Amino acid sequence: MCEAGSQQRISCIIYSEFDNDAGPRLVCQAPRGFLSAAAFDSLADYVICKPELCGRHLVVVSTILDVATGAVATAAAAGIDADTPAAQAQQTALAASPLHERKKTCFTVVGFPTTIHNSKYSRNAFIFNLAFVFAREVPSEVAGCGAATLCKPHLHSRHCETAVKQLNAALRHLEEEFGFLSKTSKASLEEELGKMLDALNDFGTYNLQLVPTFSVPIEVGAENDERQLPPDANDFKVPTRVSTHPITVPANTPYTGVMAKLIRHVDGNNHLRRIAEIAGVDLAVARECFRMLAADDCKQLFMLDMFQWSDVYSVTPRIQELFTDPKLQEECIKYIAASKDNPPSFRDVFSLYAKMKHGVTPQMMNIDPGVDTPSLVEFGMLHGLIRKLPESSMLHDVYCCTVPAVTPSIFTEPNWVPCYFV
């Protein structure tokens with residue numbers, strides 16, 4: 001089982017290519033023979049994938065009946081070559097054993113399939129992937145569970161995704177400059193993979209050097225490292241206050257004076273570029289300032305998309321929190337009211353959120369004049385009650401909230417909750 005926060009060693013590093021005759025092919029691996037041909041075949045379509053999926057991280061989780069892999073892994077651990085008669089005899093004996101006696105292994109493969117387009121290759125493209133493999137034996141009491149339950153991919157992939165991307169980028173460079181992958185023997189690569197596996201597991205770092213003139217330092221972070229990426233500071237994102245409290249300039253920042261100038265113009269309507277122009281601040285500096293204010297250790301701002309009447313929004317499962325939390329209801333009504341003297345009823349507000357679905361824009365909704373529509377959308381986005389749908393979204397990807405004929409008694413009924421269909 002995969003526990004969050006545990007540090008699991010990399011079980012194997014594999015290098016595979018697309019062969020014009022045989023299709024996806026496992027070229028080399030360290031340790032040798034760890035991943036059997038049968039196990040690789042079951043994962044091959046996701047390790048060497050279509051060109052459309054290349055150039056991005058792919059994490060594949062699969063539970064495999066241990067017909068061949070167990071014997072091969074045992075042989076590899078004992079220092080026996082998988083192709084020797086001894087290993088093949090182990091494999092045959094395991095294949096003949098009753099199903100209930102065989103073990104299952106949960107494999108998580110973290111790769112970055114890469115394509116090099118060039119007319120010098122037979123199909124005008126060369127596809128390869130160097131991937132990390134994490135393997136765990138599935139306990140018998142949970143062997144019937146699905147792969148996603150047995151081995152959650154994010155528990156393994158986070159700490160090594162950058163390293164996998166760097167390794168594949170390095171191999172791409174070696175192929176483009178020296179033809180290293182397509183012309184030379186893979187023996188040196190297999191030997192290097194073995195050294196890298198030991199170094200990454202023991203020290204977390206390794207200096208990859210396959211040719212004398214080119215080296216790449218590789219580092220694997222801690223698996224429980226929860227550092228977050230910097231928040232998006234797109235020029236046309238709208239900085240929005242997290243709360244009604246005044247925004248304060250963080251301590252120990254070199255932009256104290258600049259931040260003070262920018263903060264004055266944060267009103268939930270001006271986008272980042274406009275604020276920078278009004279304040280007379282360089283755009284690059286403004287981006288950095290708002291990124292700092294929106295970072296997790298400060299979190300005084302959210303960077304939201306600009307409100308447009310033609311946008312499409314859909315409710316999320318968190319809409320139920322609005323229905324059950326009186327404090328959130330009160331905050332919502334106060335936030336979206338166009339006039340403090342005549343606030344809308346919660347019944348009307350909730351009905352407006354419930355109408356948000358695929359194909360319905362705010363412009364198409366019959367919104368009460370007492371509700372400020374941009375604030376309605378803003379509050380929903382800030383609290384995760386709704387999400388903006390991309391133009392290409394399909395109906396089955398959208399959460400839809402179905403509300404029965406609304407009467408005052410429905411909203412006082414404690415057993416009534418919104419329903420979601422995916």
# chains A, B, ... in the order shown; residues from 1 in each chain; ligands from 1
>>> residues_around(residues="segment 14-27 of chain A", least_positions_apart="4", cutoff="9 Å", atoms="only C-alpha atoms", output="PyMOL selection string")
chain A and resi 31+35+37+40-41+44-45+47-49+122-123+126-133+186+189-190+193
>>> residues_around(residues="Thr373 of chain A", least_positions_apart="3", cutoff="12 Å", atoms="only C-alpha atoms", output="list in words")
Phe307, Gln308, Trp309, Tyr335, Ile336, Ala337, Ala338, Val349, Leu352, Tyr353, Thr361, Pro362, Gln363, Met364, Met365, Asn366, Ile367, Asp368, Pro369, Gly370, Leu376, Val377, Glu378, Phe379 and Gly380 of chain A
>>> residues_around(residues="Gln209 of chain A", least_positions_apart="2", cutoff="12 Å", atoms="only C-alpha atoms", output="list in words")
Leu167, Ala170, Leu171, Leu174, Ser188, Leu189, Glu191, Glu192, Leu193, Lys195, Met196, Tyr206, Asn207, Val211, Pro212, Thr213, Phe214, Ser215, Val216, Pro217 and Ile218 of chain A
>>> atom_distance(atom1="atom CA of Pro239 of chain A", atom2="atom CA of Leu262 of chain A")
10.3 Å
>>> atom_distance(atom1="atom CA of Asn269 of chain A", atom2="atom CA of Tyr313 of chain A")
18.3 Å
>>> atom_distance(atom1="atom CA of Phe178 of chain A", atom2="atom CA of Lys120 of chain A")
13.5 Å
>>> closest_residue(among="A:Arg273, A:Lys237, A:Lys355, A:Arg387", to="Asp311 of chain A", atoms="only C-alpha atoms")
A:Arg387
